[in-house]
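**Q** What follows is final-v7.txt, compact mmCIF, C-alpha atoms.
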# COMPACT_ATOMS: atom_id res chain seq x y z
CA MET A 1 -108.41 119.20 128.49
CA SER A 2 -105.73 116.49 128.24
CA VAL A 3 -102.01 117.24 128.21
CA MET A 4 -101.85 115.83 124.67
CA HIS A 5 -104.64 118.14 123.54
CA LYS A 6 -102.89 121.13 125.07
CA ILE A 7 -99.57 120.27 123.45
CA LEU A 8 -100.97 119.63 120.02
CA GLY A 9 -103.41 122.50 120.26
CA GLY A 10 -100.55 124.80 121.17
CA THR A 11 -98.53 123.47 118.26
CA ALA A 12 -101.37 124.20 115.88
CA ALA A 13 -101.85 127.70 117.24
CA LEU A 14 -98.16 128.45 116.97
CA ALA A 15 -98.02 127.32 113.35
CA LEU A 16 -101.09 129.31 112.44
CA SER A 17 -99.89 132.46 114.17
CA ALA A 18 -96.59 132.19 112.31
CA GLY A 19 -98.50 131.95 109.08
CA ALA A 20 -97.07 128.48 108.41
CA LEU A 21 -94.63 130.08 105.99
CA VAL A 22 -92.34 127.06 106.03
CA ALA A 23 -93.74 123.58 106.39
CA GLU A 24 -91.99 121.65 109.13
CA PRO A 25 -92.04 117.87 109.20
CA ALA A 26 -93.64 116.10 112.15
CA MET A 27 -92.73 112.82 113.84
CA ILE A 28 -95.24 110.69 115.73
CA PHE A 29 -93.67 107.97 117.87
CA ASP A 30 -95.55 104.80 118.64
CA LEU A 31 -96.29 103.48 122.12
CA GLY A 32 -93.11 102.71 123.99
CA GLY A 33 -91.63 106.16 123.52
CA LYS A 34 -88.84 107.62 121.44
CA PHE A 35 -86.15 106.42 123.85
CA ASP A 36 -87.06 102.73 123.73
CA LYS A 37 -83.46 101.99 122.59
CA SER A 38 -84.95 100.17 119.61
CA PHE A 39 -87.56 100.91 116.93
CA ASN A 40 -88.77 104.37 118.00
CA GLU A 41 -85.30 105.51 118.97
CA SER A 42 -83.99 104.55 115.55
CA ALA A 43 -86.71 106.75 114.04
CA PHE A 44 -85.72 109.60 116.36
CA THR A 45 -82.09 109.19 115.31
CA GLY A 46 -83.10 109.66 111.67
CA ALA A 47 -85.11 112.77 112.45
CA GLN A 48 -82.26 114.20 114.50
CA ARG A 49 -79.79 113.54 111.69
CA TRP A 50 -82.02 115.48 109.30
CA ALA A 51 -82.31 118.38 111.75
CA GLU A 52 -78.56 118.53 112.36
CA GLU A 53 -77.69 118.41 108.67
CA THR A 54 -80.24 120.99 107.57
CA GLY A 55 -80.58 123.20 110.62
CA GLY A 56 -84.30 122.57 110.39
CA THR A 57 -86.73 121.69 113.15
CA PHE A 58 -89.41 119.06 113.39
CA ARG A 59 -92.44 118.66 115.58
CA GLU A 60 -92.87 115.48 117.57
CA ILE A 61 -95.17 113.66 119.93
CA GLU A 62 -94.95 110.44 121.89
CA LEU A 63 -98.28 108.64 122.07
CA GLN A 64 -99.59 107.54 125.44
CA SER A 65 -102.67 105.66 124.24
CA GLU A 66 -104.27 104.19 121.13
CA ALA A 67 -106.95 106.87 121.19
CA GLN A 68 -104.41 109.59 120.46
CA ARG A 69 -103.37 108.32 117.02
CA GLU A 70 -106.07 110.08 115.02
CA GLN A 71 -105.92 113.22 117.16
CA ALA A 72 -102.16 113.57 116.64
CA LEU A 73 -102.42 113.05 112.89
CA ARG A 74 -105.20 115.58 112.45
CA ARG A 75 -103.65 118.20 114.72
CA PHE A 76 -100.32 118.10 112.92
CA ALA A 77 -102.01 118.16 109.50
CA GLU A 78 -104.18 121.13 110.49
CA ALA A 79 -101.08 122.91 111.82
CA GLY A 80 -99.44 122.62 108.39
CA ALA A 81 -96.80 120.00 109.20
CA ASN A 82 -95.54 118.36 106.01
CA PRO A 83 -94.58 115.56 105.73
CA ILE A 84 -95.94 113.76 108.77
CA VAL A 85 -93.97 110.62 109.60
CA MET A 86 -95.23 107.88 111.91
CA THR A 87 -93.74 104.67 113.27
CA GLY A 88 -95.64 101.43 113.46
CA PHE A 89 -98.22 99.24 111.76
CA ALA A 90 -100.89 100.34 114.25
CA PHE A 91 -101.28 103.67 112.44
CA GLY A 92 -102.54 101.89 109.34
CA ASN A 93 -106.30 102.05 109.77
CA VAL A 94 -106.29 105.57 111.19
CA LEU A 95 -104.06 106.92 108.43
CA SER A 96 -106.33 105.35 105.80
CA GLU A 97 -109.15 107.49 107.18
CA VAL A 98 -107.17 110.68 107.82
CA ALA A 99 -105.00 110.95 104.68
CA PRO A 100 -107.89 111.58 102.23
CA ASP A 101 -109.00 114.57 104.36
CA TYR A 102 -105.64 116.30 103.83
CA PRO A 103 -104.75 115.71 100.16
CA ASP A 104 -102.05 118.40 100.16
CA THR A 105 -100.22 116.84 103.11
CA LYS A 106 -97.72 114.03 102.61
CA PHE A 107 -97.58 111.17 105.11
CA ALA A 108 -94.96 108.47 105.61
CA ILE A 109 -95.75 105.32 107.57
CA ILE A 110 -93.20 102.75 108.70
CA ASP A 111 -94.15 99.05 108.77
CA MET A 112 -97.54 99.26 107.08
CA VAL A 113 -98.94 99.75 103.59
CA VAL A 114 -101.63 102.42 103.20
CA ASP A 115 -102.92 102.76 99.67
CA GLN A 116 -103.54 106.50 99.43
CA PRO A 117 -102.04 108.89 96.84
CA ASN A 118 -100.41 111.09 99.50
CA VAL A 119 -98.84 108.28 101.55
CA ARG A 120 -95.37 106.73 101.37
CA SER A 121 -95.49 103.21 102.82
CA VAL A 122 -92.14 101.86 103.98
CA VAL A 123 -91.75 98.18 104.85
CA PHE A 124 -88.67 96.13 105.63
CA ASN A 125 -87.49 92.62 104.83
CA GLU A 126 -86.92 91.85 108.49
CA HIS A 127 -86.85 88.13 107.74
CA GLU A 128 -83.62 88.64 105.78
CA GLY A 129 -81.76 90.35 108.62
CA SER A 130 -83.20 87.93 111.15
CA TYR A 131 -81.84 85.06 109.05
CA LEU A 132 -78.35 86.54 109.28
CA VAL A 133 -78.42 86.96 113.06
CA GLY A 134 -79.98 83.49 113.35
CA MET A 135 -76.96 82.05 111.60
CA MET A 136 -74.69 83.95 113.96
CA ALA A 137 -76.65 82.72 116.99
CA ALA A 138 -76.29 79.10 115.91
CA LEU A 139 -72.58 79.54 115.25
CA ALA A 140 -72.02 81.12 118.66
CA SER A 141 -74.17 78.70 120.66
CA LYS A 142 -72.47 76.02 122.71
CA SER A 143 -75.71 74.34 123.81
CA ASP A 144 -77.27 74.07 120.34
CA THR A 145 -80.35 75.80 121.78
CA VAL A 146 -81.15 79.42 121.05
CA GLY A 147 -84.11 81.62 121.90
CA PHE A 148 -86.38 84.23 120.37
CA ILE A 149 -88.51 86.66 122.38
CA GLY A 150 -91.01 88.74 120.45
CA GLY A 151 -93.15 91.64 121.59
CA MET A 152 -96.80 91.63 120.54
CA ASP A 153 -97.83 88.40 118.83
CA ILE A 154 -98.58 89.71 115.34
CA PRO A 155 -97.60 88.50 111.86
CA LEU A 156 -94.82 91.09 111.62
CA ILE A 157 -93.03 89.71 114.70
CA ARG A 158 -93.57 86.14 113.54
CA LYS A 159 -91.79 87.29 110.39
CA PHE A 160 -88.74 88.12 112.53
CA ALA A 161 -88.95 84.80 114.37
CA CYS A 162 -89.35 82.76 111.21
CA GLY A 163 -86.39 84.37 109.48
CA TYR A 164 -84.30 83.84 112.61
CA ALA A 165 -85.20 80.16 112.86
CA GLN A 166 -84.35 79.61 109.20
CA GLY A 167 -80.93 81.16 109.74
CA VAL A 168 -80.34 79.05 112.85
CA LYS A 169 -81.21 75.85 110.99
CA ALA A 170 -79.07 76.83 108.00
CA ALA A 171 -76.01 77.08 110.24
CA ASN A 172 -76.88 74.10 112.45
CA ALA A 173 -79.63 71.75 111.32
CA ASP A 174 -79.68 70.09 114.74
CA ALA A 175 -80.20 73.28 116.71
CA THR A 176 -83.35 73.94 118.75
CA VAL A 177 -85.16 77.28 118.63
CA VAL A 178 -87.28 78.23 121.64
CA ALA A 179 -89.71 81.05 120.82
CA ASN A 180 -92.03 83.10 123.01
CA MET A 181 -94.12 86.23 122.52
CA THR A 182 -94.54 88.74 125.34
CA GLY A 183 -98.27 89.35 124.87
CA THR A 184 -101.20 90.06 122.60
CA THR A 185 -101.73 93.77 123.34
CA PRO A 186 -99.60 96.87 122.66
CA ALA A 187 -98.38 96.68 126.28
CA ALA A 188 -96.13 93.85 125.09
CA TRP A 189 -93.79 96.42 123.55
CA ASN A 190 -92.88 97.98 126.87
CA ASP A 191 -92.64 95.26 129.51
CA PRO A 192 -88.98 94.67 130.37
CA VAL A 193 -89.95 92.70 133.49
CA LYS A 194 -91.84 90.14 131.38
CA GLY A 195 -88.93 90.13 128.94
CA SER A 196 -86.63 89.22 131.83
CA GLU A 197 -88.93 86.43 132.98
CA LEU A 198 -89.12 84.94 129.50
CA THR A 199 -85.35 85.09 129.15
CA LYS A 200 -84.87 83.15 132.38
CA ALA A 201 -87.43 80.59 131.23
CA GLN A 202 -85.58 80.10 127.95
CA ILE A 203 -82.25 79.77 129.76
CA SER A 204 -83.82 77.00 131.86
CA GLN A 205 -84.58 75.23 128.57
CA GLY A 206 -80.95 75.44 127.54
CA ALA A 207 -80.83 78.62 125.47
CA ASP A 208 -77.46 80.37 125.52
CA VAL A 209 -78.22 83.01 122.85
CA VAL A 210 -81.50 84.97 122.84
CA TYR A 211 -82.76 87.32 120.12
CA ALA A 212 -85.22 90.00 121.22
CA ALA A 213 -87.61 91.65 118.77
CA ALA A 214 -89.80 93.33 121.33
CA GLY A 215 -89.26 97.09 121.46
CA GLY A 216 -88.72 98.36 125.01
CA THR A 217 -89.35 94.85 126.38
CA GLY A 218 -86.11 93.82 124.74
CA VAL A 219 -84.14 95.99 127.17
CA GLY A 220 -85.13 93.52 129.89
CA VAL A 221 -84.14 90.60 127.70
CA LEU A 222 -80.66 91.98 127.00
CA GLN A 223 -80.12 92.95 130.65
CA THR A 224 -81.09 89.53 131.97
CA ALA A 225 -79.05 87.72 129.33
CA ALA A 226 -75.99 89.72 130.41
CA ASP A 227 -76.70 89.09 134.10
CA GLU A 228 -77.14 85.36 133.55
CA GLY A 229 -74.01 84.97 131.44
CA ILE A 230 -75.53 84.20 128.04
CA LEU A 231 -75.43 86.15 124.80
CA SER A 232 -78.23 88.29 123.40
CA ILE A 233 -79.05 89.80 120.02
CA GLY A 234 -80.48 93.29 119.71
CA VAL A 235 -82.92 94.61 117.13
CA ASP A 236 -83.79 97.60 114.94
CA SER A 237 -81.04 99.94 116.15
CA ASN A 238 -77.50 98.92 117.12
CA GLN A 239 -77.91 97.74 120.71
CA ASN A 240 -74.40 96.28 121.04
CA TYR A 241 -73.37 99.16 123.31
CA LEU A 242 -75.96 98.34 125.97
CA HIS A 243 -73.88 95.43 127.26
CA PRO A 244 -70.44 95.48 125.61
CA GLY A 245 -69.04 92.01 125.08
CA LYS A 246 -72.36 90.36 125.86
CA VAL A 247 -74.54 91.36 122.90
CA LEU A 248 -73.55 89.10 120.01
CA THR A 249 -74.89 91.49 117.37
CA SER A 250 -77.99 93.50 116.49
CA MET A 251 -80.33 93.06 113.55
CA MET A 252 -80.21 96.48 111.93
CA LYS A 253 -83.52 97.70 110.57
CA ARG A 254 -82.70 101.12 109.20
CA VAL A 255 -85.79 102.95 110.34
CA ASP A 256 -83.50 105.93 110.81
CA ASN A 257 -82.73 106.01 107.08
CA ALA A 258 -86.44 105.81 106.19
CA VAL A 259 -87.33 108.72 108.48
CA TYR A 260 -84.33 110.79 107.41
CA GLN A 261 -85.19 110.34 103.73
CA ALA A 262 -88.84 111.27 104.23
CA MET A 263 -87.90 114.48 106.02
CA LYS A 264 -85.20 115.26 103.48
CA ASP A 265 -87.69 114.85 100.63
CA GLY A 266 -90.08 117.21 102.40
CA PRO A 267 -93.48 118.25 101.01
CA GLU A 268 -92.38 117.05 97.56
CA MET A 269 -91.82 113.54 98.85
CA GLU A 270 -92.69 110.83 96.34
CA THR A 271 -95.37 108.54 97.66
CA GLY A 272 -96.07 104.86 97.07
CA PHE A 273 -94.67 101.54 98.23
CA ASN A 274 -91.05 101.28 99.41
CA VAL A 275 -89.27 98.07 100.44
CA MET A 276 -86.01 98.26 102.39
CA SER A 277 -83.89 95.12 102.22
CA ILE A 278 -80.35 93.81 102.41
CA ALA A 279 -79.93 94.65 98.73
CA ASN A 280 -80.57 98.38 99.18
CA GLY A 281 -78.96 98.82 102.59
CA GLY A 282 -82.18 98.85 104.58
CA ILE A 283 -81.38 95.68 106.53
CA GLY A 284 -78.17 94.29 108.01
CA TYR A 285 -76.37 93.33 111.21
CA ALA A 286 -74.14 95.33 113.53
CA MET A 287 -70.40 94.93 113.99
CA ASP A 288 -68.40 97.31 116.19
CA ASP A 289 -65.86 97.35 119.01
CA ASN A 290 -68.52 96.16 121.45
CA ASN A 291 -68.98 92.75 119.82
CA ALA A 292 -65.74 92.29 117.86
CA SER A 293 -64.43 89.76 120.37
CA LEU A 294 -67.58 87.63 120.07
CA VAL A 295 -67.65 87.19 116.29
CA THR A 296 -64.85 85.23 114.65
CA ALA A 297 -63.66 85.97 111.13
CA GLU A 298 -65.09 82.62 110.06
CA MET A 299 -68.52 83.43 111.51
CA GLN A 300 -68.58 86.81 109.83
CA ALA A 301 -67.50 85.34 106.49
CA MET A 302 -70.33 82.80 106.59
CA VAL A 303 -72.91 85.43 107.44
CA ASP A 304 -71.60 87.85 104.81
CA ASP A 305 -71.74 85.10 102.20
CA ALA A 306 -75.39 84.49 103.08
CA ALA A 307 -76.09 88.23 102.90
CA ALA A 308 -74.57 88.40 99.42
CA LYS A 309 -76.66 85.46 98.25
CA ILE A 310 -79.84 86.98 99.69
CA SER A 311 -79.01 90.29 98.03
CA SER A 312 -78.47 88.65 94.64
CA GLY A 313 -81.58 86.50 94.89
CA GLU A 314 -79.63 83.25 94.99
CA LEU A 315 -80.88 82.59 98.53
CA MET A 316 -84.55 83.14 99.32
CA VAL A 317 -85.65 83.48 102.93
CA HIS A 318 -89.27 82.51 103.48
CA ASP A 319 -91.44 85.44 104.59
CA TYR A 320 -93.97 84.36 107.23
CA MET A 321 -96.33 87.12 106.14
CA SER A 322 -96.56 85.72 102.61
CA ASP A 323 -98.64 82.73 103.72
CA ASP A 324 -98.79 82.73 107.54
CA SER A 325 -96.50 79.74 107.77
CA CYS A 326 -92.90 79.01 108.72
CA PRO A 327 -90.85 76.05 107.51
CA ALA A 328 -88.45 76.22 110.46
CA LEU A 329 -90.63 77.10 113.45
CA SER A 330 -94.09 76.32 114.82
CA PHE A 331 -96.05 79.01 116.58
Can you dump the structure from the file as C-alpha cells?
**A**
Amino acid sequence: MSVMHKILGGTAALALSAGALVAEPAMIFDLGGKFDKSFNESAFTGAQRWAEETGGTFREIELQSEAQREQALRRFAEAGANPIVMTGFAFGNVLSEVAPDYPDTKFAIIDMVVDQPNVRSVVFNEHEGSYLVGMMAALASKSDTVGFIGGMDIPLIRKFACGYAQGVKAANADATVVANMTGTTPAAWNDPVKGSELTKAQISQGADVVYAAAGGTGVGVLQTAADEGILSIGVDSNQNYLHPGKVLTSMMKRVDNAVYQAMKDGPEMETGFNVMSIANGGIGYAMDDNNASLVTAEMQAMVDDAAAKISSGELMVHDYMSDDSCPALSF
C-alpha cells in the first residue's frame, strides 16, 4: 500500500467514523508542492487565510505523481470533503470524469474550465499582468534585452510570455525579448537547476531583466539573477522578498483569493465559469519595501496608466490562447 493510499484512506476512515457531521474543504496541490514559493504556495496561503479567519480546518495533499490525481479526488469526495479545491490545468480531464460521480460534492479548479454542474472553473487573465511587468522590465533594462523563462511549454505559459513581450514592446519598441521554456513534461515546474542554466544563457545574450513563470523552477531563475547582478521578476505570489532589492516586481496572480473564496463559500459554492482579471482585482503587480528602490515614480505611473486602460477596456492585450499566436514574440 502506498503512502498516499494510507494517508487518504486514513482521512476517509476518520471522516466516516466522525459521521462527517461537518463538511470540511479539501485542497489538492499540484506537482511541485505547496511550498514552491509560487503558484501552489499562493493557493496554500488562501486556504490558510480561510482557516485562520473561520477557525475551520481543511484537508490537504501534495501530489507526487500524475497517477494520484484521480485517487486523491475520489478519496476526498468519498470522505465527505466539500468543496474540493485543486490547483492546475492538469486536473481537467480527471475532474471531468470524477465530478459526475459525486453530484452532491462541489469542486473548484484553478486554471482550467470543466463544464460540469458541480464545478467552479477559475481562470486568470495572466496576459494582462504579464503585460504590466513587461513594461516595467523594458523601463528598467539598460541593455534593451530582457528575458522570459517559462516552465512547461503549454499554451497557458505562452500566454504569460506573449503578454510580457507585448508590454516590453509597448514601453520600448526596439527592445529584444529572449524566451525559453524549461521543458515539455510536468518536471519542468520543479527544476531550479535548469532554471539557473537558462538564466545564465539569457544573460550571455544580453538580458538584464528576466521574468520567470515556471513554478518551483523559477526559484533557480531568481537566485541566479541575483547572483549574476541582474534583475528578475517573480510570478503568481509576491516573490519580491526572496531577494530584496534584486527582484524588480512580481506578477500577482491571486490564486490565494480564488481558493479563499471557494472555501468561504463552502458546500453552497456557486459553480460555473469565473475569470479573474485586473478589473476585478485578480491580477496585478507587487510593490513593497523590497522593490521600492528599483521602481521610479515615473515607471509606476506608466504601468498604472496601462493597468487602468486594460481595466476599462481601452487597451486590449492579445491573449495567446485565443488563437495560438503572438504579435510580439515567436515561439
**Q** Between A:Val317, A:Pro267, A:Asp289, A:Phe148, single out the one closest to A:Pro103, counting all atoms listed in the file.
**A**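 Looking only at the distances to A:Pro103, the closest residue turns out to be A:Pro267.
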**Q** For stretch 106-145 of chain A against stretch 188-205 of chain A, with a cut-off of 12 Å and counting all atoms listed in the file, what is the closest atom pair and its distance in Å to one decimal for every residue that makes the cut, ordered by chain and number, as JSON lines?
**A**
{"residue": "A:Ser143", "atom": "CA", "partner": "A:Gln205", "partner_atom": "CA", "distance": 10.1}
{"residue": "A:Asp144", "atom": "CA", "partner": "A:Gln205", "partner_atom": "CA", "distance": 11.1}
{"residue": "A:Thr145", "atom": "CA", "partner": "A:Gln205", "partner_atom": "CA", "distance": 8.0}
**Q** Store the residues picked out above in a file with C-alpha atoms, as a PDB file, keeping the file's coordinate frame.
**A**
ATOM      1  CA  SER A 143     -75.710  74.340 123.810  1.00  0.00           C
ATOM      2  CA  ASP A 144     -77.270  74.070 120.340  1.00  0.00           C
ATOM      3  CA  THR A 145     -80.350  75.800 121.780  1.00  0.00           C
TER       4      THR A 145
END
**Q** Can you tell me, as a list in words, which residues sit within 8 Å of (-74.2, 90.8, 117.1) in the file's frame, using only C-alpha atoms?
**A** Val133, Met136, Ser232, Ile233, Gly234, Asn240, Val247, Leu248, Thr249, Ser250, Met251, Tyr285, Ala286, Met287, Asn291, Leu294 and Val295 of chain A
**Q** Write a file of the selected residues as an mmCIF file, in the frame of the given file, keeping C-alpha atoms.
**A**
data_model
loop_
_atom_site.group_PDB
_atom_site.id
_atom_site.type_symbol
_atom_site.label_atom_id
_atom_site.label_comp_id
_atom_site.auth_asym_id
_atom_site.auth_seq_id
_atom_site.Cartn_x
_atom_site.Cartn_y
_atom_site.Cartn_z
ATOM 1 C CA VAL A 133 -78.420 86.960 113.060
ATOM 2 C CA MET A 136 -74.690 83.950 113.960
ATOM 3 C CA SER A 232 -78.230 88.290 123.400
ATOM 4 C CA ILE A 233 -79.050 89.800 120.020
ATOM 5 C CA GLY A 234 -80.480 93.290 119.710
ATOM 6 C CA ASN A 240 -74.400 96.280 121.040
ATOM 7 C CA VAL A 247 -74.540 91.360 122.900
ATOM 8 C CA LEU A 248 -73.550 89.100 120.010
ATOM 9 C CA THR A 249 -74.890 91.490 117.370
ATOM 10 C CA SER A 250 -77.990 93.500 116.490
ATOM 11 C CA MET A 251 -80.330 93.060 113.550
ATOM 12 C CA TYR A 285 -76.370 93.330 111.210
ATOM 13 C CA ALA A 286 -74.140 95.330 113.530
ATOM 14 C CA MET A 287 -70.400 94.930 113.990
ATOM 15 C CA ASN A 291 -68.980 92.750 119.820
ATOM 16 C CA LEU A 294 -67.580 87.630 120.070
ATOM 17 C CA VAL A 295 -67.650 87.190 116.290
#
**Q** Which one is closest to A:Ala140: A:Ser322, A:Asn93, A:Thr54, A:Ser293? Count only C-alpha atoms.
**A**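 Using only C-alpha atoms, A:Ala140 sits closest to A:Ser293.
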**Q** Atom CA of A:Ser141 to atom CA of A:Val235: how many Å, to one decimal?
**A**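 Separation of atom CA of A:Ser141 and atom CA of A:Val235: 18.5 Å.
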**Q** Restricting the calculation to only C-alpha atoms, which member of A:Ala328, A:Ile149, A:Ala170, A:Ile157 is positioned closest to A:Val221?
**A**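 Of the candidates, the smallest distance to A:Val221 is held by A:Ile149.
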**Q** Under the rule that all atoms listed in the file are counted, which of A:Glu62, A:Tyr241, A:Lys309, A:Phe29 is the nearest residue to A:Asp288?
**A**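 Closest to A:Asp288, using all atoms listed in the file: A:Tyr241.
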**Q** With distances taken over all atoms listed in the file, which of A:Ser277, A:Asn257, A:Ser325, A:Gln71 is nearest to A:Ala47?
**A**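 So, comparing all the options, the nearest one is A:Asn257.
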**Q** Would you mind telling me which residue in A:Phe39, A:Phe44, A:Phe58, A:Tyr260 lies nearest to A:Gln239 when using all atoms listed in the file?
**A**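 Checking each of A:Phe39, A:Phe44, A:Phe58, A:Tyr260 against A:Gln239, counting all atoms listed in the file, the winner is A:Phe39.
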**Q** Would you list the residues near (-85.3, 93.5, 115.8) (no more than 12 Å away, in the coordinates of the file, using all atoms listed in the file) as a ChimeraX atom specification?
**A** /A:37-40,42,124-134,148-151,156-161,163-164,189,210-219,232-239,249-255,283-286
